[in-house]
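Raw work-v6.cif, mmCIF, C-alpha atoms:
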```cif
data_work
loop_
_atom_site.label_atom_id
_atom_site.label_comp_id
_atom_site.auth_asym_id
_atom_site.auth_seq_id
_atom_site.Cartn_x
_atom_site.Cartn_y
_atom_site.Cartn_z
CA MET K 10 78.41 -25.04 -24.65
CA SER K 11 76.36 -28.18 -25.25
CA SER K 12 73.89 -29.43 -27.82
CA TYR K 13 70.17 -29.79 -27.23
CA ASP K 14 67.09 -31.05 -29.00
CA VAL K 15 65.47 -27.60 -28.82
CA ALA K 16 66.86 -24.17 -27.97
CA ILE K 17 64.46 -21.39 -26.96
CA ILE K 18 65.29 -17.71 -27.37
CA GLY K 19 63.49 -15.69 -24.71
CA ALA K 20 62.82 -16.64 -21.07
CA GLY K 21 59.45 -14.97 -20.73
CA ILE K 22 56.27 -16.83 -19.88
CA VAL K 23 55.98 -18.32 -23.40
CA GLY K 24 59.59 -19.52 -23.54
CA CYS K 25 59.48 -21.01 -20.05
CA SER K 26 56.13 -22.68 -20.83
CA ALA K 27 57.55 -24.20 -24.00
CA ALA K 28 60.51 -25.53 -21.99
CA TRP K 29 58.10 -26.97 -19.40
CA VAL K 30 56.15 -28.85 -22.09
CA LEU K 31 59.20 -30.10 -23.99
CA ASN K 32 60.90 -31.25 -20.80
CA ARG K 33 57.86 -33.32 -19.84
CA ARG K 34 58.09 -34.97 -23.25
CA GLY K 35 61.67 -36.01 -22.61
CA LEU K 36 63.52 -33.56 -24.84
CA ARG K 37 66.78 -31.83 -23.94
CA VAL K 38 66.09 -28.10 -23.78
CA ALA K 39 68.06 -24.88 -23.31
CA VAL K 40 66.57 -21.42 -22.83
CA LEU K 41 68.57 -18.31 -23.74
CA GLU K 42 67.78 -14.92 -22.20
CA LYS K 43 69.74 -11.75 -22.93
CA GLY K 44 68.71 -10.28 -19.56
CA ARG K 45 66.92 -12.05 -16.73
CA VAL K 46 64.01 -14.49 -16.62
CA GLY K 47 60.75 -12.62 -17.16
CA GLY K 48 62.61 -9.31 -17.15
CA GLU K 49 60.49 -7.61 -19.78
CA GLN K 50 56.75 -7.79 -20.45
CA SER K 51 56.22 -11.14 -18.71
CA SER K 52 56.75 -9.42 -15.36
CA ARG K 53 55.38 -5.97 -16.30
CA ASN K 54 51.78 -6.72 -17.26
CA ALA K 55 48.57 -6.43 -15.23
CA GLY K 56 48.42 -10.15 -14.42
CA PHE K 57 45.08 -10.95 -16.09
CA ILE K 58 44.61 -14.52 -17.35
CA ARG K 59 41.65 -13.53 -19.44
CA GLN K 60 39.37 -15.35 -21.88
CA GLN K 61 36.80 -12.58 -21.55
CA GLY K 62 36.19 -10.33 -24.52
CA ARG K 63 38.89 -11.93 -26.66
CA ASP K 64 38.80 -12.13 -30.41
CA LEU K 65 36.85 -15.34 -31.03
CA ARG K 66 39.83 -16.81 -32.89
CA GLU K 67 41.81 -16.70 -29.64
CA ILE K 68 39.26 -18.46 -27.43
CA PRO K 69 40.55 -22.05 -27.89
CA MET K 70 44.02 -20.78 -26.98
CA ALA K 71 42.71 -18.82 -23.99
CA ARG K 72 40.74 -21.81 -22.69
CA ARG K 73 43.74 -24.12 -22.99
CA ALA K 74 45.97 -21.54 -21.30
CA LEU K 75 43.68 -21.43 -18.26
CA ALA K 76 43.88 -25.22 -17.89
CA LEU K 77 47.67 -25.08 -18.12
CA TRP K 78 47.86 -22.22 -15.61
CA ARG K 79 46.05 -24.41 -13.12
CA GLN K 80 48.66 -27.14 -13.65
CA ILE K 81 51.54 -24.70 -13.37
CA SER K 82 50.14 -23.19 -10.18
CA ALA K 83 49.92 -26.65 -8.65
CA GLU K 84 53.44 -27.67 -9.70
CA VAL K 85 55.56 -24.62 -8.87
CA ALA K 86 57.15 -24.40 -5.46
CA THR K 87 55.81 -20.95 -4.52
CA ASP K 88 52.42 -19.24 -4.36
CA ILE K 89 52.22 -17.18 -7.55
CA GLY K 90 48.93 -15.56 -6.54
CA PHE K 91 46.90 -17.62 -9.03
CA ARG K 92 43.14 -17.24 -8.55
CA ASP K 93 40.35 -18.30 -10.92
CA ASP K 94 37.28 -16.66 -9.38
CA GLY K 95 36.28 -14.59 -12.42
CA VAL K 96 36.83 -11.19 -14.01
CA LEU K 97 34.20 -8.45 -14.39
CA ALA K 98 33.88 -5.71 -17.03
CA PRO K 99 31.00 -3.34 -16.19
CA THR K 100 29.68 -0.79 -18.68
CA SER K 101 27.32 2.17 -18.61
CA ASP K 102 27.00 2.13 -22.40
CA ALA K 103 23.92 0.31 -23.73
CA VAL K 104 25.55 -0.15 -27.15
CA GLN K 105 28.62 -1.76 -25.58
CA LEU K 106 26.40 -3.99 -23.46
CA GLU K 107 24.65 -5.24 -26.59
CA LYS K 108 28.06 -6.00 -28.16
CA MET K 109 28.92 -7.97 -25.03
CA ARG K 110 25.67 -9.95 -25.35
CA ARG K 111 26.39 -10.88 -28.96
CA TRP K 112 29.95 -11.83 -28.09
CA ALA K 113 28.83 -13.97 -25.12
CA VAL K 114 26.48 -15.97 -27.33
CA LEU K 115 29.28 -16.77 -29.76
CA ALA K 116 31.76 -17.45 -26.95
CA ALA K 117 29.33 -19.92 -25.35
CA GLN K 118 29.37 -21.93 -28.56
CA ALA K 119 33.12 -22.28 -28.02
CA GLY K 120 32.51 -23.57 -24.48
CA LEU K 121 33.30 -20.37 -22.60
CA HIS K 122 31.51 -19.58 -19.34
CA SER K 123 30.94 -15.88 -19.92
CA ARG K 124 27.66 -14.04 -19.43
CA VAL K 125 26.18 -10.58 -19.35
CA ILE K 126 25.01 -9.64 -15.87
CA SER K 127 22.46 -7.06 -14.75
CA ARG K 128 23.12 -3.75 -13.00
CA GLU K 129 21.90 -5.37 -9.76
CA GLU K 130 24.47 -8.16 -10.13
CA VAL K 131 27.21 -5.63 -10.83
CA SER K 132 26.36 -3.91 -7.54
CA ALA K 133 26.37 -7.24 -5.72
CA PHE K 134 29.79 -8.17 -7.13
CA VAL K 135 31.33 -4.74 -6.44
CA PRO K 136 29.38 -2.99 -3.67
CA ARG K 137 31.81 -0.07 -3.58
CA LEU K 138 31.44 0.74 -7.27
CA ILE K 139 29.92 4.19 -7.73
CA GLY K 140 27.84 5.07 -10.79
CA ASP K 141 24.98 3.91 -12.95
CA TYR K 142 25.99 0.81 -14.90
CA GLU K 143 23.77 -0.92 -17.45
CA GLY K 144 25.38 -4.25 -16.63
CA GLY K 145 28.61 -6.00 -17.47
CA LEU K 146 30.41 -9.03 -18.82
CA PHE K 147 31.43 -11.60 -16.22
CA THR K 148 33.54 -14.67 -16.96
CA ALA K 149 33.32 -16.98 -13.97
CA ASP K 150 36.53 -18.95 -14.49
CA ASP K 151 38.79 -16.16 -15.69
CA ALA K 152 41.88 -15.85 -13.53
CA TRP K 153 44.83 -13.75 -12.50
CA ALA K 154 48.31 -14.16 -11.01
CA GLU K 155 51.34 -12.12 -10.01
CA PRO K 156 53.49 -11.67 -13.13
CA ASP K 157 56.68 -10.88 -11.21
CA LEU K 158 56.38 -14.22 -9.40
CA ALA K 159 54.90 -16.55 -12.01
CA THR K 160 57.53 -16.65 -14.76
CA GLU K 161 60.41 -16.89 -12.32
CA ALA K 162 58.67 -19.72 -10.44
CA LEU K 163 58.13 -21.61 -13.70
CA ALA K 164 61.78 -21.10 -14.67
CA ASP K 165 62.85 -22.47 -11.28
CA LEU K 166 60.61 -25.49 -11.87
CA VAL K 167 62.06 -26.34 -15.28
CA ARG K 168 65.62 -25.79 -14.02
CA ALA K 169 64.97 -28.30 -11.24
CA ARG K 170 63.82 -30.78 -13.88
CA GLY K 171 66.92 -30.46 -16.04
CA VAL K 172 66.27 -27.57 -18.41
CA VAL K 173 69.31 -25.32 -18.83
CA VAL K 174 68.45 -21.62 -18.54
CA HIS K 175 71.20 -19.23 -19.68
CA GLU K 176 70.57 -15.70 -18.39
CA ARG K 177 72.63 -12.72 -19.61
CA CYS K 178 73.27 -14.61 -22.84
CA VAL K 179 72.37 -12.84 -26.08
CA ALA K 180 71.37 -14.99 -29.04
CA LYS K 181 73.28 -13.29 -31.85
CA ARG K 182 72.46 -15.50 -34.82
CA ILE K 183 70.53 -18.65 -35.68
CA VAL K 184 72.85 -20.89 -37.67
CA THR K 185 71.44 -22.87 -40.58
CA GLN K 186 72.79 -25.26 -43.18
CA GLY K 187 70.48 -25.10 -46.15
CA ALA K 188 66.95 -25.54 -44.80
CA HIS K 189 68.17 -27.18 -41.61
CA VAL K 190 68.94 -25.55 -38.28
CA SER K 191 72.22 -26.42 -36.58
CA GLY K 192 72.20 -24.11 -33.57
CA ILE K 193 72.64 -20.59 -32.24
CA GLU K 194 75.67 -18.34 -32.00
CA THR K 195 75.52 -16.65 -28.60
CA GLU K 196 77.79 -14.17 -26.88
CA ALA K 197 78.99 -17.09 -24.73
CA GLY K 198 79.63 -19.49 -27.62
CA PHE K 199 77.78 -21.87 -29.92
CA ILE K 200 74.78 -23.93 -28.78
CA GLY K 201 73.86 -26.86 -30.98
CA ALA K 202 70.14 -27.45 -31.60
CA GLY K 203 68.18 -28.96 -34.45
CA ARG K 204 65.14 -26.83 -33.63
CA VAL K 205 64.87 -23.27 -32.35
CA ILE K 206 61.86 -21.49 -30.84
CA VAL K 207 61.96 -17.70 -31.09
CA THR K 208 59.83 -15.98 -28.46
CA ALA K 209 61.80 -12.78 -28.15
CA GLY K 210 59.05 -10.18 -27.89
CA VAL K 211 59.88 -6.85 -29.50
CA TRP K 212 63.33 -8.19 -30.44
CA ALA K 213 62.07 -11.00 -32.70
CA ALA K 214 62.04 -8.95 -35.90
CA ASP K 215 65.73 -8.04 -35.44
CA LEU K 216 66.77 -11.60 -34.71
CA LEU K 217 64.98 -12.89 -37.81
CA ALA K 218 66.04 -10.06 -40.15
CA PRO K 219 68.72 -12.23 -41.85
CA PHE K 220 65.94 -14.61 -42.96
CA ARG K 221 64.02 -11.80 -44.70
CA VAL K 222 60.88 -12.55 -42.72
CA SER K 223 58.05 -10.06 -43.18
CA LEU K 224 57.03 -9.54 -39.55
CA PRO K 225 55.11 -6.26 -39.06
CA LEU K 226 55.73 -5.66 -35.36
CA ASN K 227 55.30 -2.38 -33.57
CA ASP K 228 55.44 -1.77 -29.86
CA LEU K 229 53.24 0.08 -27.39
CA ARG K 230 54.39 1.34 -24.02
CA VAL K 231 51.98 0.46 -21.22
CA SER K 232 52.16 2.27 -17.87
CA LEU K 233 51.05 0.49 -14.69
CA ALA K 234 51.32 0.93 -10.94
CA CYS K 235 50.59 -0.88 -7.71
CA THR K 236 49.25 0.49 -4.46
CA GLU K 237 50.26 -0.12 -0.91
CA PRO K 238 48.04 -2.70 0.86
CA PHE K 239 44.71 -1.22 1.99
CA ASP K 240 41.07 -2.19 2.49
CA HIS K 241 40.01 -1.78 -1.14
CA GLY K 242 37.01 -4.12 -0.98
CA LEU K 243 37.67 -5.77 -4.38
CA THR K 244 37.46 -9.54 -4.63
CA HIS K 245 37.65 -9.77 -8.44
CA PRO K 246 39.70 -7.96 -11.07
CA ILE K 247 37.60 -5.28 -12.74
CA TRP K 248 37.85 -3.57 -16.14
CA LEU K 249 36.25 -0.16 -16.55
CA PRO K 250 36.64 2.12 -19.57
CA ASP K 251 39.03 4.41 -17.71
CA VAL K 252 40.85 2.07 -15.30
CA LEU K 253 41.59 -1.55 -14.46
CA ALA K 254 42.16 -2.82 -10.95
CA ARG K 255 43.37 -6.24 -9.86
CA PRO K 256 43.61 -7.43 -6.26
CA ARG K 257 47.19 -8.33 -5.42
CA LYS K 258 48.55 -11.12 -3.29
CA ASP K 259 50.09 -8.51 -0.96
CA GLY K 260 46.75 -6.79 -0.26
CA GLY K 261 47.14 -3.88 -2.64
CA LEU K 262 45.89 -3.29 -6.18
CA THR K 263 47.61 -3.38 -9.55
CA ILE K 264 46.14 -0.53 -11.59
CA GLY K 265 46.43 0.60 -15.18
CA PRO K 266 44.54 1.94 -18.21
CA GLY K 267 41.05 0.53 -18.72
CA THR K 268 39.37 -0.87 -21.81
CA ASP K 269 39.65 2.51 -23.57
CA GLY K 270 43.37 2.92 -22.83
CA PRO K 271 45.37 4.99 -23.39
CA PHE K 272 48.67 3.37 -24.27
CA ASP K 273 51.76 5.17 -25.59
CA PHE K 274 53.03 4.76 -29.13
CA ASP K 275 56.53 6.21 -29.15
CA ILE K 276 57.45 7.04 -32.73
CA SER K 277 60.56 5.36 -34.16
CA PRO K 278 61.88 5.00 -37.71
CA ARG K 279 60.64 1.40 -37.76
CA GLY K 280 57.25 2.52 -36.46
CA ILE K 281 56.91 5.08 -39.25
CA ARG K 282 57.75 2.47 -41.86
CA LEU K 283 55.08 0.09 -40.55
CA ALA K 284 52.47 2.77 -39.75
CA PRO K 285 50.17 2.15 -42.76
CA ARG K 286 49.49 -1.41 -41.60
CA PHE K 287 48.33 -0.17 -38.21
CA VAL K 288 46.06 2.64 -39.41
CA PRO K 289 42.85 0.53 -39.43
CA ALA K 290 43.35 -0.55 -35.82
CA LEU K 291 44.13 3.03 -34.79
CA LEU K 292 41.00 4.36 -36.50
CA LYS K 293 38.89 1.75 -34.74
CA ARG K 294 39.89 3.13 -31.32
CA PRO K 295 41.73 6.44 -31.85
CA SER K 296 41.48 7.54 -28.23
CA GLY K 297 43.25 4.38 -27.07
CA VAL K 298 46.73 5.44 -28.24
CA ARG K 299 48.84 8.50 -27.40
CA ILE K 300 51.36 9.26 -30.14
CA ASN K 301 54.65 10.67 -28.87
CA LEU K 302 57.82 11.91 -30.55
CA GLY K 303 60.80 11.85 -28.20
CA ARG K 304 63.99 10.01 -27.29
CA HIS K 305 62.63 6.66 -28.46
CA PHE K 306 63.06 7.88 -32.04
CA ILE K 307 66.83 7.89 -31.45
CA ASP K 308 67.16 5.20 -28.78
CA ASP K 309 65.22 2.45 -30.57
CA PRO K 310 67.54 2.15 -33.62
CA ARG K 311 70.59 2.42 -31.35
CA ARG K 312 69.41 -0.43 -29.15
CA ARG K 313 68.53 -2.58 -32.12
CA SER K 314 71.91 -1.89 -33.67
CA ALA K 315 73.57 -2.96 -30.43
CA TYR K 316 71.48 -6.12 -30.37
CA ARG K 317 72.60 -7.04 -33.87
CA GLY K 318 76.24 -6.03 -33.33
CA ASP K 319 79.28 -7.95 -32.20
CA ASP K 320 80.35 -5.81 -29.24
CA ALA K 321 78.96 -7.63 -26.20
CA SER K 322 79.53 -4.63 -23.93
CA ARG K 323 76.93 -2.69 -25.91
CA TYR K 324 74.27 -5.23 -24.88
CA ASP K 325 74.44 -4.20 -21.24
CA ALA K 326 72.29 -1.13 -21.90
CA ILE K 327 69.47 -3.22 -23.36
CA ARG K 328 69.55 -6.47 -21.41
CA VAL K 329 66.59 -5.43 -19.29
CA PRO K 330 65.13 -2.23 -20.73
CA GLU K 331 63.38 0.08 -18.27
CA PRO K 332 60.78 2.11 -20.19
CA GLU K 333 59.62 5.23 -18.41
CA PRO K 334 56.01 5.10 -17.14
CA THR K 335 53.81 8.01 -18.13
CA ALA K 336 52.91 9.85 -14.93
CA ALA K 337 49.82 11.48 -16.47
CA ILE K 338 48.31 8.09 -17.34
CA ILE K 339 48.88 6.68 -13.87
CA ASP K 340 47.55 9.84 -12.25
CA ARG K 341 44.45 9.53 -14.44
CA CYS K 342 44.00 5.92 -13.29
CA VAL K 343 44.32 6.95 -9.63
CA ALA K 344 41.74 9.71 -10.13
CA ALA K 345 39.38 7.24 -11.82
CA LEU K 346 39.73 4.76 -8.96
CA ARG K 347 38.94 7.43 -6.39
CA ARG K 348 35.96 8.59 -8.44
CA ARG K 349 34.63 5.06 -9.10
CA PHE K 350 35.20 3.57 -5.66
CA GLY K 351 35.31 6.49 -3.27
CA TYR K 352 38.89 5.83 -2.18
CA GLY K 353 40.66 8.66 -0.39
CA ALA K 354 44.05 9.06 1.23
CA GLU K 355 44.22 5.33 1.95
CA LEU K 356 45.03 4.74 -1.76
CA ARG K 357 48.79 5.32 -1.98
CA ILE K 358 50.96 4.35 -4.92
CA ALA K 359 53.85 2.07 -3.97
CA ARG K 360 55.51 1.63 -7.36
CA ARG K 361 55.15 2.68 -11.01
CA TRP K 362 56.55 0.92 -14.06
CA ALA K 363 56.11 0.46 -17.81
CA GLY K 364 56.63 -2.27 -20.36
CA ARG K 365 56.65 -2.58 -24.13
CA ILE K 366 54.23 -4.97 -25.80
CA ASP K 367 54.84 -6.31 -29.29
CA VAL K 368 51.73 -5.76 -31.43
CA THR K 369 50.62 -6.92 -34.86
CA PRO K 370 48.19 -5.06 -37.16
CA ASP K 371 45.32 -7.38 -36.22
CA ALA K 372 46.28 -7.75 -32.52
CA LEU K 373 46.62 -11.53 -32.97
CA PRO K 374 49.83 -13.47 -32.35
CA VAL K 375 52.06 -15.16 -34.87
CA VAL K 376 52.38 -18.92 -34.27
CA ASP K 377 54.24 -20.47 -37.18
CA HIS K 378 57.37 -21.98 -38.72
CA LEU K 379 59.64 -19.92 -40.89
CA PRO K 380 58.68 -20.94 -44.43
CA GLN K 381 62.19 -21.72 -45.62
CA HIS K 382 63.38 -23.12 -42.27
CA PRO K 383 60.74 -25.37 -40.65
CA GLY K 384 63.07 -25.97 -37.70
CA ILE K 385 62.63 -22.33 -36.61
CA VAL K 386 59.36 -21.73 -34.76
CA LEU K 387 58.17 -18.17 -34.22
CA ILE K 388 55.84 -17.00 -31.44
CA SER K 389 55.50 -13.24 -31.66
CA GLY K 390 53.16 -10.25 -31.72
CA LEU K 391 51.37 -11.24 -28.53
CA SER K 392 49.66 -7.83 -28.46
CA GLY K 393 49.22 -7.61 -24.72
CA HIS K 394 47.75 -11.11 -24.37
CA GLY K 395 51.03 -12.95 -23.81
CA PHE K 396 50.92 -13.45 -20.05
CA GLY K 397 47.44 -14.94 -19.93
CA ALA K 398 47.82 -17.02 -23.10
CA GLY K 399 51.50 -17.78 -22.46
CA PRO K 400 51.26 -21.43 -21.41
CA ALA K 401 49.08 -22.32 -24.41
CA LEU K 402 51.38 -20.43 -26.77
CA GLY K 403 54.33 -22.26 -25.21
CA GLU K 404 52.60 -25.59 -25.72
CA MET K 405 51.85 -24.73 -29.36
CA ALA K 406 55.50 -23.76 -29.87
CA ALA K 407 56.65 -27.03 -28.29
CA GLU K 408 54.33 -29.07 -30.50
CA LEU K 409 55.45 -27.27 -33.65
CA ALA K 410 59.09 -27.80 -32.71
CA GLU K 411 58.61 -31.48 -31.89
CA THR K 412 56.10 -32.67 -34.49
CA GLY K 413 55.42 -29.80 -36.89
CA ALA K 414 51.72 -29.65 -35.95
CA CYS K 415 49.55 -28.17 -33.19
CA SER K 416 46.63 -29.63 -31.29
CA LEU K 417 45.00 -26.16 -31.25
CA PRO K 418 43.90 -24.40 -34.44
CA ARG K 419 46.50 -21.93 -35.67
CA ALA K 420 45.52 -21.05 -39.24
CA ASP K 421 44.54 -17.54 -38.16
CA PHE K 422 47.97 -17.03 -36.57
CA SER K 423 50.07 -17.83 -39.63
CA LEU K 424 52.92 -15.59 -40.66
CA ASP K 425 51.78 -15.33 -44.27
CA ARG K 426 48.47 -13.68 -43.33
CA PHE K 427 50.22 -10.33 -43.55
CA GLU K 428 50.94 -10.99 -47.21
CA LYS K 429 47.37 -12.08 -47.98
CA LYS K 430 45.64 -9.15 -46.28
CA TYR K 431 46.91 -5.65 -45.78
CA PHE K 432 44.20 -4.17 -43.59
CA LEU K 433 43.42 -6.29 -40.54
CA THR K 434 41.64 -5.30 -37.35
CA ALA K 435 40.94 -7.06 -34.08
CA GLU K 436 37.46 -8.44 -33.43
CA SER K 437 37.45 -8.31 -29.64
CA VAL K 438 34.92 -6.50 -27.44
CA LEU K 439 37.40 -5.48 -24.71
#
```
Let's see the structure in the file written out as structure tokens.
Amino acid sequence: MSSYDVAIIGAGIVGCSAAWVLNRRGLRVAVLEKGRVGGEQSSRNAGFIRQQGRDLREIPMARRALALWRQISAEVATDIGFRDDGVLAPTSDAVQLEKMRRWAVLAAQAGLHSRVISREEVSAFVPRLIGDYEGGLFTADDAWAEPDLATEALADLVRARGVVVHERCVAKRIVTQGAHVSGIETEAGFIGAGRVIVTAGVWAADLLAPFRVSLPLNDLRVSLACTEPFDHGLTHPIWLPDVLARPRKDGGLTIGPGTDGPFDFDISPRGIRLAPRFVPALLKRPSGVRINLGRHFIDDPRRRSAYRGDDASRYDAIRVPEPEPTAAIIDRCVAALRRRFGYGAELRIARRWAGRIDVTPDALPVVDHLPQHPGIVLISGLSGHGFGAGPALGEMAAELAETGACSLPRADFSLDRFEKKYFLTAESVL
């Protein structure tokens, strides 16, 4: 296998975006993926490209991501379903509406076009919506796309421009000589690279374990579904406390838990060890997480052991994990849609799926070098924001790998913040 200027571990939206940026800057790039392009959370999310309601520290990243999504949509060869007509989050809670107002004032200072709208405007945006809503938060240039199309289309684009994308190729070990990076040992051989970007989702902590990096990552299982095409009457994605719904390119809806969740936390030995760091976030929204004890307690350490091992045949079981969706959550979403919009038998579920998102204690990503190895760049803990923010995170990774600095602020995303503060919570309103 050859040598490159930069090797990227993980062919999700962040890894492919980093390759896209580096390739445009004339660098030789290889992307390594243990399974298939976009096979995990990059193709399993709801497809929101959302600035709305974010923690204020993420807004510069979210704004930059939207600009890059527009470029990507224009450059890829296929229609990825990208639309930037706005996203709406109605609420019937006067206290929540006041939080939205305060957030919108601060977001406007960062240049974001987000405003609180009246109950009359909510009705005008979503005539089918049933119920008494105080108002809502509307972000006019928020966007969405089809996750199962977007990452693959971007990978095809960078391949056509000379980036080498190795699928079914596990990165076993990052090889260093002193503080310098020399390459990556893979199951297919050695790849030479002076700089490595790690954007491996829930697998990042295992890959970096030999470097004794303190990376407090847990994972949540998120259950989603899509409907068959029908006359749903929605022109914008909508967030409600009990359900989200996004119009799909095929005429159906992608549906999932709303702003109040719930998501599944499947207990594992690693999760127990890290639990104290996540208690503040759990207490802030206790109804948003379902805690389960089941097979994941046994399967998670087995899969991670296989990932770190030398027997390549053991990787086959984890190349593209298929988490089980929680039927009760999807059924609850369907019931909420019928209640909120008056849908009947015409709403039929076509497919159900689940994905695992890598989360940090403060629900903010890590964007940093490894302290002792500046040639290793880490993008991790995307906390459910990775698809929308992916292109900006990829650009930040590319800049760190190439020059050691970012054009966007990243002090709040440093790796050492987990050593400075123990209790951290997100400051978002959605």
### Message
What does the structure give for the distance between CA of Val252 (chain K) and CA of Arg349 (chain K), in Å to one decimal?
### Response
9.3 Å
## Note on the structure
CA of Gln50 (chain K) sits from CA of Leu163 (chain K) at a separation of 15.4 Å
#### Entry: Selection dump of the PyMOL selection byres ((chain K and resi 206) around 12), as a PyMOL selection string
chain K and resi 14-20+23-28+31+38-41+180+183+190+192-193+202-205+207-209+213+216-217+376-379+382-389+402-411
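When only C-alpha atoms are used to measure the gap to Gly267 (chain K), the shortest distance among K:Pro99, K:Gly395, K:Gly47, K:Pro289 belongs to K:Pro99.
For the set K:Ser51, K:Ser12, K:Thr335, K:Ser82, the residue with the smallest atom-to-atom gap to Asn301 (chain K) is K:Thr335, counting all atoms listed in the file.
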### Task
Using only C-alpha atoms, find the one residue out of K:Ser191, K:Ala169, K:Gln381, K:Leu356 that sits nearest to Glu84 (chain K).
K:Ala169
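Nearest residue to Ala214 (chain K), choosing from K:Trp29, K:Phe350, K:Phe239, K:Tyr316 and counting all atoms listed in the file: K:Tyr316.
Minimum atom-to-atom distance to Trp248 (chain K), evaluated using all atoms listed in the file, belongs to K:Phe147 out of K:Phe147, K:Phe220, K:Trp362, K:Trp78.
Taking CA of Ile339 (chain K) and CA of Leu262 (chain K) as endpoints, the distance between them is 12.9 Å.
If all atoms listed in the file are the atoms counted, then among K:Ala354, K:Ile139, K:Val172, K:Val288 the closest residue to Leu36 (chain K) is K:Val172.
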Residues matched by the PyMOL selection byres ((chain K and resi 156) around 9) as a CSV table (one decimal) with C-alpha atoms, keeping the file's coordinate frame:
```csv
chain,number,residue,atom,x,y,z
K,22,ILE,CA,56.3,-16.8,-19.9
K,47,GLY,CA,60.8,-12.6,-17.2
K,50,GLN,CA,56.8,-7.8,-20.4
K,51,SER,CA,56.2,-11.1,-18.7
K,52,SER,CA,56.8,-9.4,-15.4
K,53,ARG,CA,55.4,-6.0,-16.3
K,54,ASN,CA,51.8,-6.7,-17.3
K,55,ALA,CA,48.6,-6.4,-15.2
K,56,GLY,CA,48.4,-10.2,-14.4
K,57,PHE,CA,45.1,-11.0,-16.1
K,89,ILE,CA,52.2,-17.2,-7.6
K,90,GLY,CA,48.9,-15.6,-6.5
K,153,TRP,CA,44.8,-13.8,-12.5
K,154,ALA,CA,48.3,-14.2,-11.0
K,155,GLU,CA,51.3,-12.1,-10.0
K,157,ASP,CA,56.7,-10.9,-11.2
K,158,LEU,CA,56.4,-14.2,-9.4
K,159,ALA,CA,54.9,-16.6,-12.0
K,160,THR,CA,57.5,-16.6,-14.8
K,161,GLU,CA,60.4,-16.9,-12.3
K,396,PHE,CA,50.9,-13.4,-20.0
```
Edge lengths and centre in Å, axis-aligned, region 199-202 of chain K plus 5 Å each side, as AutoDock Vina command-line options:
```
--center_x 74.0 --center_y -24.7 --center_z -30.2 --size_x 17.6 --size_y 15.6 --size_z 12.8
```
### Query
When the PyMOL selection byres ((chain K and resi 92) around 12) is applied to the file above, which residues end up in the set, as an NGL selection string?
:K and (56-59 or 75 or 78-79 or 82-83 or 88-91 or 93-96 or 149-155 or 244-246 or 255-258)
### Message
At a cut-off of 9 Å, using all atoms listed in the file, what residues contact Phe274 (chain K)? Leave out same-chain residues fewer than 2 positions from it and give the result as a PyMOL selection string.
### Response
chain K and resi 227-230+272+276+280+298-302
Starting from the incomplete input, reconstruct N, CA, C and O atoms of region 413-420 of chain K and write that as a short mmCIF file (atom, residue, chain, number, x, y, z; two decimals), keeping the file's coordinate frame.
```cif
data_model
loop_
_atom_site.label_atom_id
_atom_site.label_comp_id
_atom_site.auth_asym_id
_atom_site.auth_seq_id
_atom_site.Cartn_x
_atom_site.Cartn_y
_atom_site.Cartn_z
N GLY K 413 55.81 -30.58 -35.72
CA GLY K 413 55.42 -29.80 -36.89
C GLY K 413 53.95 -29.48 -36.96
O GLY K 413 53.49 -28.87 -37.93
N ALA K 414 53.16 -29.90 -35.95
CA ALA K 414 51.72 -29.65 -35.95
C ALA K 414 51.28 -29.26 -34.55
O ALA K 414 51.97 -29.53 -33.56
N CYS K 415 50.11 -28.61 -34.47
CA CYS K 415 49.55 -28.17 -33.19
C CYS K 415 48.22 -28.86 -32.92
O CYS K 415 47.45 -29.10 -33.85
N SER K 416 47.93 -29.10 -31.66
CA SER K 416 46.63 -29.63 -31.29
C SER K 416 45.55 -28.55 -31.29
O SER K 416 44.36 -28.84 -31.39
N LEU K 417 45.94 -27.28 -31.17
CA LEU K 417 45.00 -26.16 -31.25
C LEU K 417 45.02 -25.58 -32.66
O LEU K 417 46.04 -25.63 -33.34
N PRO K 418 43.89 -25.01 -33.10
CA PRO K 418 43.90 -24.40 -34.44
C PRO K 418 44.83 -23.19 -34.48
O PRO K 418 44.86 -22.38 -33.55
N ARG K 419 45.56 -23.05 -35.57
CA ARG K 419 46.50 -21.93 -35.67
C ARG K 419 46.49 -21.26 -37.04
O ARG K 419 47.32 -20.38 -37.31
N ALA K 420 45.54 -21.63 -37.90
CA ALA K 420 45.52 -21.05 -39.24
C ALA K 420 45.42 -19.53 -39.21
O ALA K 420 46.01 -18.84 -40.06
#
```
